file final21.cif (mmCIF, C-alpha atoms, pLDDT in the B column; chains and numbers go by the auth columns)
data_run
loop_
_atom_site.group_PDB
_atom_site.id
_atom_site.type_symbol
_atom_site.label_atom_id
_atom_site.label_comp_id
_atom_site.label_asym_id
_atom_site.label_seq_id
_atom_site.Cartn_x
_atom_site.Cartn_y
_atom_site.Cartn_z
_atom_site.B_iso_or_equiv
_atom_site.auth_seq_id
_atom_site.auth_asym_id
ATOM 1 C CA LEU A 1 -25.645 2.443 9.873 53.00 22 A
ATOM 2 C CA SER A 2 -26.580 3.369 6.328 56.00 23 A
ATOM 3 C CA PRO A 3 -24.735 1.646 3.444 59.00 24 A
ATOM 4 C CA ALA A 4 -23.725 5.169 2.368 63.00 25 A
ATOM 5 C CA MET A 5 -21.768 5.616 5.614 59.00 26 A
ATOM 6 C CA ARG A 6 -18.606 3.942 6.786 52.00 27 A
ATOM 7 C CA LEU A 7 -16.797 3.954 10.074 55.00 28 A
ATOM 8 C CA VAL A 8 -13.052 4.470 9.761 53.00 29 A
ATOM 9 C CA ARG A 9 -10.487 4.232 12.538 55.00 30 A
ATOM 10 C CA TYR A 10 -7.275 6.217 12.077 51.00 31 A
ATOM 11 C CA GLN A 11 -4.009 6.140 13.938 50.00 32 A
ATOM 12 C CA LEU A 12 -1.479 8.912 13.376 48.00 33 A
ATOM 13 C CA LEU A 13 2.145 8.057 12.772 48.00 34 A
ATOM 14 C CA GLU A 14 4.520 9.312 15.471 51.00 35 A
ATOM 15 C CA ASP A 15 6.573 11.491 13.158 49.00 36 A
ATOM 16 C CA GLY A 16 3.577 13.200 11.553 50.00 37 A
ATOM 17 C CA PRO A 17 2.789 13.458 7.870 56.00 38 A
ATOM 18 C CA ASP A 18 5.251 14.776 5.331 67.00 39 A
ATOM 19 C CA ASP A 19 6.221 13.886 1.778 73.00 40 A
ATOM 20 C CA THR A 20 9.423 11.993 2.629 88.00 41 A
ATOM 21 C CA PRO A 21 9.127 8.208 3.059 94.00 42 A
ATOM 22 C CA GLN A 22 11.163 6.504 5.772 94.00 43 A
ATOM 23 C CA ALA A 23 11.897 3.615 3.378 94.00 44 A
ATOM 24 C CA ALA A 24 12.740 4.749 -0.157 95.00 45 A
ATOM 25 C CA LEU A 25 11.830 2.712 -3.247 96.00 46 A
ATOM 26 C CA ASP A 26 12.124 3.369 -6.968 95.00 47 A
ATOM 27 C CA LEU A 27 9.634 0.950 -8.530 97.00 48 A
ATOM 28 C CA ARG A 28 7.535 1.524 -11.636 96.00 49 A
ATOM 29 C CA LEU A 29 4.042 0.057 -11.841 97.00 50 A
ATOM 30 C CA GLY A 30 2.702 -0.124 -15.363 95.00 51 A
ATOM 31 C CA ASP A 31 3.965 2.493 -17.793 92.00 52 A
ATOM 32 C CA ARG A 32 3.683 5.733 -15.801 93.00 53 A
ATOM 33 C CA LEU A 33 3.251 5.268 -12.028 96.00 54 A
ATOM 34 C CA TRP A 34 6.016 4.966 -9.429 96.00 55 A
ATOM 35 C CA LEU A 35 6.043 3.758 -5.829 97.00 56 A
ATOM 36 C CA THR A 36 8.785 5.894 -4.270 96.00 57 A
ATOM 37 C CA GLY A 37 8.572 4.606 -0.695 96.00 58 A
ATOM 38 C CA TYR A 38 6.611 3.933 2.446 96.00 59 A
ATOM 39 C CA SER A 39 6.499 4.863 6.132 94.00 60 A
ATOM 40 C CA PRO A 40 7.180 3.689 8.741 93.00 61 A
ATOM 41 C CA ALA A 41 10.200 1.590 7.844 90.00 62 A
ATOM 42 C CA GLY A 42 9.875 -1.989 9.027 82.00 63 A
ATOM 43 C CA PRO A 43 9.587 -4.447 10.414 92.00 64 A
ATOM 44 C CA LEU A 44 6.248 -3.284 11.801 93.00 65 A
ATOM 45 C CA GLN A 45 4.999 -4.589 15.149 94.00 66 A
ATOM 46 C CA VAL A 46 1.291 -4.770 15.919 94.00 67 A
ATOM 47 C CA GLN A 47 -1.244 -6.813 17.888 95.00 68 A
ATOM 48 C CA SER A 48 -4.099 -8.900 16.519 95.00 69 A
ATOM 49 C CA GLY A 49 -7.256 -6.868 15.973 94.00 70 A
ATOM 50 C CA GLU A 50 -5.415 -3.549 15.683 94.00 71 A
ATOM 51 C CA ALA A 51 -5.148 -1.319 12.638 94.00 72 A
ATOM 52 C CA LEU A 52 -1.759 -1.329 10.946 94.00 73 A
ATOM 53 C CA PRO A 53 -0.971 2.325 10.049 94.00 74 A
ATOM 54 C CA PHE A 54 1.344 3.081 7.139 94.00 75 A
ATOM 55 C CA SER A 55 1.723 5.432 4.198 96.00 76 A
ATOM 56 C CA LEU A 56 2.604 4.821 0.563 97.00 77 A
ATOM 57 C CA PHE A 57 4.298 7.489 -1.547 97.00 78 A
ATOM 58 C CA TRP A 58 3.481 7.684 -5.246 97.00 79 A
ATOM 59 C CA ARG A 59 4.379 9.813 -8.251 96.00 80 A
ATOM 60 C CA THR A 60 3.880 9.823 -11.988 95.00 81 A
ATOM 61 C CA ASP A 61 6.173 10.892 -14.786 91.00 82 A
ATOM 62 C CA GLN A 62 3.315 11.603 -17.187 91.00 83 A
ATOM 63 C CA PRO A 63 -0.387 12.413 -16.857 89.00 84 A
ATOM 64 C CA GLY A 64 -2.841 9.685 -17.806 87.00 85 A
ATOM 65 C CA GLU A 65 -6.529 9.020 -18.212 89.00 86 A
ATOM 66 C CA GLN A 66 -6.674 5.534 -16.684 93.00 87 A
ATOM 67 C CA ASP A 67 -7.556 5.172 -13.009 96.00 88 A
ATOM 68 C CA TYR A 68 -6.112 2.302 -11.006 97.00 89 A
ATOM 69 C CA VAL A 69 -6.991 0.743 -7.653 98.00 90 A
ATOM 70 C CA VAL A 70 -4.394 0.156 -4.927 98.00 91 A
ATOM 71 C CA PHE A 71 -4.476 -3.246 -3.265 98.00 92 A
ATOM 72 C CA VAL A 72 -2.800 -3.857 0.083 97.00 93 A
ATOM 73 C CA GLN A 73 -2.656 -7.395 1.430 97.00 94 A
ATOM 74 C CA LEU A 74 -1.286 -9.105 4.521 97.00 95 A
ATOM 75 C CA LEU A 75 -0.026 -12.583 3.661 97.00 96 A
ATOM 76 C CA SER A 76 1.062 -15.518 5.801 96.00 97 A
ATOM 77 C CA GLN A 77 4.520 -17.050 5.262 94.00 98 A
ATOM 78 C CA GLY A 78 2.774 -19.575 2.995 95.00 99 A
ATOM 79 C CA GLY A 79 1.085 -16.868 0.902 95.00 100 A
ATOM 80 C CA GLU A 80 -2.407 -17.120 2.428 96.00 101 A
ATOM 81 C CA LEU A 81 -4.398 -13.869 2.282 97.00 102 A
ATOM 82 C CA LEU A 82 -5.258 -12.742 5.848 97.00 103 A
ATOM 83 C CA ALA A 83 -6.282 -9.073 5.531 96.00 104 A
ATOM 84 C CA GLN A 84 -6.865 -6.804 2.569 96.00 105 A
ATOM 85 C CA VAL A 85 -7.968 -3.356 1.458 96.00 106 A
ATOM 86 C CA ASP A 86 -8.572 -2.239 -2.126 97.00 107 A
ATOM 87 C CA ARG A 87 -9.298 1.402 -2.899 96.00 108 A
ATOM 88 C CA THR A 88 -8.631 4.408 -5.073 96.00 109 A
ATOM 89 C CA PRO A 89 -5.611 6.324 -3.680 96.00 110 A
ATOM 90 C CA VAL A 90 -6.083 8.755 -0.788 94.00 111 A
ATOM 91 C CA GLY A 91 -9.395 7.215 0.234 92.00 112 A
ATOM 92 C CA GLY A 92 -10.902 7.868 -3.198 92.00 113 A
ATOM 93 C CA PHE A 93 -9.955 11.547 -3.280 94.00 114 A
ATOM 94 C CA ARG A 94 -6.932 11.263 -5.651 95.00 115 A
ATOM 95 C CA PRO A 95 -7.597 8.911 -8.568 96.00 116 A
ATOM 96 C CA THR A 96 -4.450 8.173 -10.567 96.00 117 A
ATOM 97 C CA SER A 97 -5.836 10.110 -13.546 95.00 118 A
ATOM 98 C CA THR A 98 -5.534 13.341 -11.499 95.00 119 A
ATOM 99 C CA TRP A 99 -1.827 12.930 -10.652 96.00 120 A
ATOM 100 C CA GLN A 100 0.539 15.478 -12.176 95.00 121 A
ATOM 101 C CA PRO A 101 4.236 14.943 -12.993 94.00 122 A
ATOM 102 C CA GLY A 102 6.470 16.025 -10.096 88.00 123 A
ATOM 103 C CA GLU A 103 3.690 15.765 -7.506 93.00 124 A
ATOM 104 C CA VAL A 104 4.166 13.463 -4.487 94.00 125 A
ATOM 105 C CA ILE A 105 0.999 11.610 -3.482 95.00 126 A
ATOM 106 C CA ARG A 106 0.968 10.454 0.149 96.00 127 A
ATOM 107 C CA ASP A 107 -1.566 7.645 0.499 96.00 128 A
ATOM 108 C CA ASN A 108 -2.349 6.762 4.152 95.00 129 A
ATOM 109 C CA TYR A 109 -3.744 3.405 5.279 95.00 130 A
ATOM 110 C CA GLY A 110 -4.956 1.683 8.413 93.00 131 A
ATOM 111 C CA LEU A 111 -5.198 -2.019 7.541 95.00 132 A
ATOM 112 C CA ALA A 112 -7.539 -3.734 10.013 95.00 133 A
ATOM 113 C CA LEU A 113 -6.038 -7.004 11.239 95.00 134 A
ATOM 114 C CA PRO A 114 -8.293 -9.912 12.207 95.00 135 A
ATOM 115 C CA PRO A 115 -8.821 -10.192 15.993 95.00 136 A
ATOM 116 C CA ASP A 116 -7.895 -13.894 15.871 94.00 137 A
ATOM 117 C CA LEU A 117 -4.688 -13.447 13.859 95.00 138 A
ATOM 118 C CA PRO A 118 -2.096 -15.695 15.536 95.00 139 A
ATOM 119 C CA PRO A 119 1.259 -14.296 16.664 96.00 140 A
ATOM 120 C CA GLY A 120 3.852 -14.572 13.937 95.00 141 A
ATOM 121 C CA ARG A 121 5.609 -12.980 11.019 96.00 142 A
ATOM 122 C CA TYR A 122 3.655 -11.854 7.983 97.00 143 A
ATOM 123 C CA GLN A 123 4.324 -10.029 4.703 97.00 144 A
ATOM 124 C CA LEU A 124 2.632 -6.800 3.618 97.00 145 A
ATOM 125 C CA ILE A 125 2.356 -6.447 -0.163 97.00 146 A
ATOM 126 C CA VAL A 126 1.010 -3.667 -2.390 98.00 147 A
ATOM 127 C CA GLY A 127 0.212 -3.137 -6.042 98.00 148 A
ATOM 128 C CA LEU A 128 -2.162 -1.550 -8.531 98.00 149 A
ATOM 129 C CA TYR A 129 -4.829 -3.009 -10.810 98.00 150 A
ATOM 130 C CA SER A 130 -7.271 -1.846 -13.448 96.00 151 A
ATOM 131 C CA PRO A 131 -10.808 -1.928 -11.987 95.00 152 A
ATOM 132 C CA GLY A 132 -12.342 -2.875 -15.348 91.00 153 A
ATOM 133 C CA SER A 133 -10.202 -5.917 -16.125 95.00 154 A
ATOM 134 C CA MET A 134 -8.919 -6.636 -12.583 96.00 155 A
ATOM 135 C CA GLN A 135 -5.479 -7.056 -14.201 97.00 156 A
ATOM 136 C CA ARG A 136 -2.559 -6.072 -11.989 98.00 157 A
ATOM 137 C CA LEU A 137 0.124 -3.718 -13.249 97.00 158 A
ATOM 138 C CA VAL A 138 3.588 -5.157 -13.772 98.00 159 A
ATOM 139 C CA VAL A 139 6.223 -3.930 -11.308 98.00 160 A
ATOM 140 C CA SER A 140 9.669 -3.020 -12.694 97.00 161 A
ATOM 141 C CA ASN A 141 12.786 -1.714 -10.995 95.00 162 A
ATOM 142 C CA SER A 142 14.598 1.450 -12.113 89.00 163 A
ATOM 143 C CA GLU A 143 16.581 -0.552 -14.705 92.00 164 A
ATOM 144 C CA GLY A 144 13.339 -1.850 -16.257 91.00 165 A
ATOM 145 C CA VAL A 145 13.650 -5.422 -14.928 95.00 166 A
ATOM 146 C CA GLN A 146 10.174 -6.857 -14.304 96.00 167 A
ATOM 147 C CA MET A 147 9.596 -8.108 -10.764 95.00 168 A
ATOM 148 C CA GLY A 148 6.061 -9.521 -10.857 96.00 169 A
ATOM 149 C CA ASP A 149 2.688 -7.915 -10.219 97.00 170 A
ATOM 150 C CA TYR A 150 3.067 -6.718 -6.621 97.00 171 A
ATOM 151 C CA VAL A 151 5.648 -5.145 -4.306 97.00 172 A
ATOM 152 C CA PRO A 152 6.680 -7.088 -1.165 96.00 173 A
ATOM 153 C CA LEU A 153 6.620 -4.078 1.118 95.00 174 A
ATOM 154 C CA VAL A 154 7.546 -4.876 4.713 94.00 175 A
ATOM 155 C CA GLU A 155 7.509 -7.645 7.314 96.00 176 A
ATOM 156 C CA VAL A 156 4.765 -7.378 9.937 96.00 177 A
ATOM 157 C CA ILE A 157 5.302 -8.978 13.352 96.00 178 A
ATOM 158 C CA VAL A 158 2.070 -9.730 15.200 95.00 179 A
ATOM 159 C CA GLY A 159 2.113 -10.294 18.961 90.00 180 A
ATOM 160 C CA GLY A 160 5.846 -9.991 19.560 63.00 181 A
ATOM 161 C CA GLU A 161 8.860 -11.851 18.242 52.00 182 A
ATOM 162 C CA GLU A 162 7.567 -15.418 18.591 47.00 183 A
ATOM 163 C CA GLY A 163 5.435 -17.243 16.075 43.00 184 A
ATOM 164 C CA PRO A 164 5.523 -19.488 13.036 43.00 185 A
#
call {"tool": "encode", "arguments": {"input": "final21.cif", "output": "structure tokens"}}
result
Amino acid sequence: LSPAMRLVRYQLLEDGPDDTPQAALDLRLGDRLWLTGYSPAGPLQVQSGEALPFSLFWRTDQPGEQDYVVFVQLLSQGGELLAQVDRTPVGGFRPTSTWQPGEVIRDNYGLALPPDLPPGRYQLIVGLYSPGSMQRLVVSNSEGVQMGDYVPLVEVIVGGEEGP
């Protein structure tokens, strides 16, 4: 394979794409971007080595010039990073500088899980960062209370109900 090519495996969600998240959120990242929800609602069950399909739903309340990168990470109960994807929203096709107020941006993912990931319960987190500085955007709730630099999204159960 050429370095200019990539192989991507997709899995469609059962309910099909639309602009309504199954789990609603109202979280501001930085000064102008909002995470309004995700699908499917959790907890999510998957097997080691599979792709974990989910969608994030974004909006902005004002246009901007700065582009940000989405990071999605699967963490162990102890906070160890086990799987990750970082990319411009919508596979690079919708940088945050192109978002218009009132527009819903559906951002689909298929996070590849390691084939040797042990059965257990894990946490999926998401956030945004500036590619130049690598600084994460601060997450705030609708009242303006800061909540850190990532959103704890949903619990992921690998290999059934058992595990650490």
call {"tool": "residues_around", "arguments": {"input": "final21.cif", "residues": "A:Arg108", "least_positions_apart": "6", "cutoff": "12 Å", "atoms": "all atoms listed in the file", "output": "NGL selection string"}}
result
:A and (88-94 or 114-117 or 128-130 or 132 or 147-152)
call {"tool": "resolve_selection", "arguments": {"input": "final21.cif", "expression": "the PyMOL selection byres ((chain A and resi 45) around 7)", "output": "PyMOL selection string"}}
result
chain A and resi 42-44+46-47+57-59
call {"tool": "resolve_selection", "arguments": {"input": "final21.cif", "expression": "the PyMOL selection byres ((chain A and resi 51-55) around 6)", "output": "number ranges by chain"}}
result
A: 48-50, 56-57, 79-82, 158-159
call {"tool": "residues_near_point", "arguments": {"input": "final21.cif", "point": "(-3.6, -10.4, -4.1)", "cutoff": "12 Å", "atoms": "all atoms listed in the file", "output": "JSON, numbers by chain"}}
result
{"A": [91, 92, 93, 94, 95, 96, 100, 101, 102, 103, 104, 105, 106, 107, 144, 145, 146, 147, 148, 149, 150, 155, 156, 157, 158, 169, 170, 171, 172, 173]}
call {"tool": "atom_distance", "arguments": {"input": "final21.cif", "atom1": "atom CA of A:Tyr143", "atom2": "atom CA of A:Thr109"}}
result
24.2 Å
call {"tool": "atom_distance", "arguments": {"input": "final21.cif", "atom1": "atom CA of A:Trp120", "atom2": "atom CA of A:Leu77"}}
result
14.5 Å
call {"tool": "atom_distance", "arguments": {"input": "final21.cif", "atom1": "atom CA of A:Glu176", "atom2": "atom CA of A:Gln66"}}
result
8.8 Å
call {"tool": "axis_aligned_box", "arguments": {"input": "final21.cif", "around": "stretch 163-168 of chain A", "padding_each_side": "6 Å", "output": "lines of an AutoDock Vina configuration file"}}
result
center_x = 13.1
center_y = -3.3
center_z = -13.5
size_x = 19.0
size_y = 21.6
size_z = 17.5
call {"tool": "resolve_selection", "arguments": {"input": "final21.cif", "expression": "the PyMOL selection byres ((chain A and resi 72) around 6)", "output": "count of residues only"}}
result
6
call {"tool": "closest_residue", "arguments": {"input": "final21.cif", "among": "A:Gly112, A:Gln98, A:Glu164, A:Pro139", "to": "A:Val67", "atoms": "only C-alpha atoms"}}
result
A:Pro139
call {"tool": "closest_residue", "arguments": {"input": "final21.cif", "among": "A:Gly141, A:Gly180, A:Gly165, A:Pro110", "to": "A:Ile126", "atoms": "all atoms listed in the file"}}
result
A:Pro110
call {"tool": "closest_residue", "arguments": {"input": "final21.cif", "among": "A:Ser69, A:Thr41, A:Ser76, A:Gln87", "to": "A:Thr119", "atoms": "all atoms listed in the file"}}
result
A:Gln87
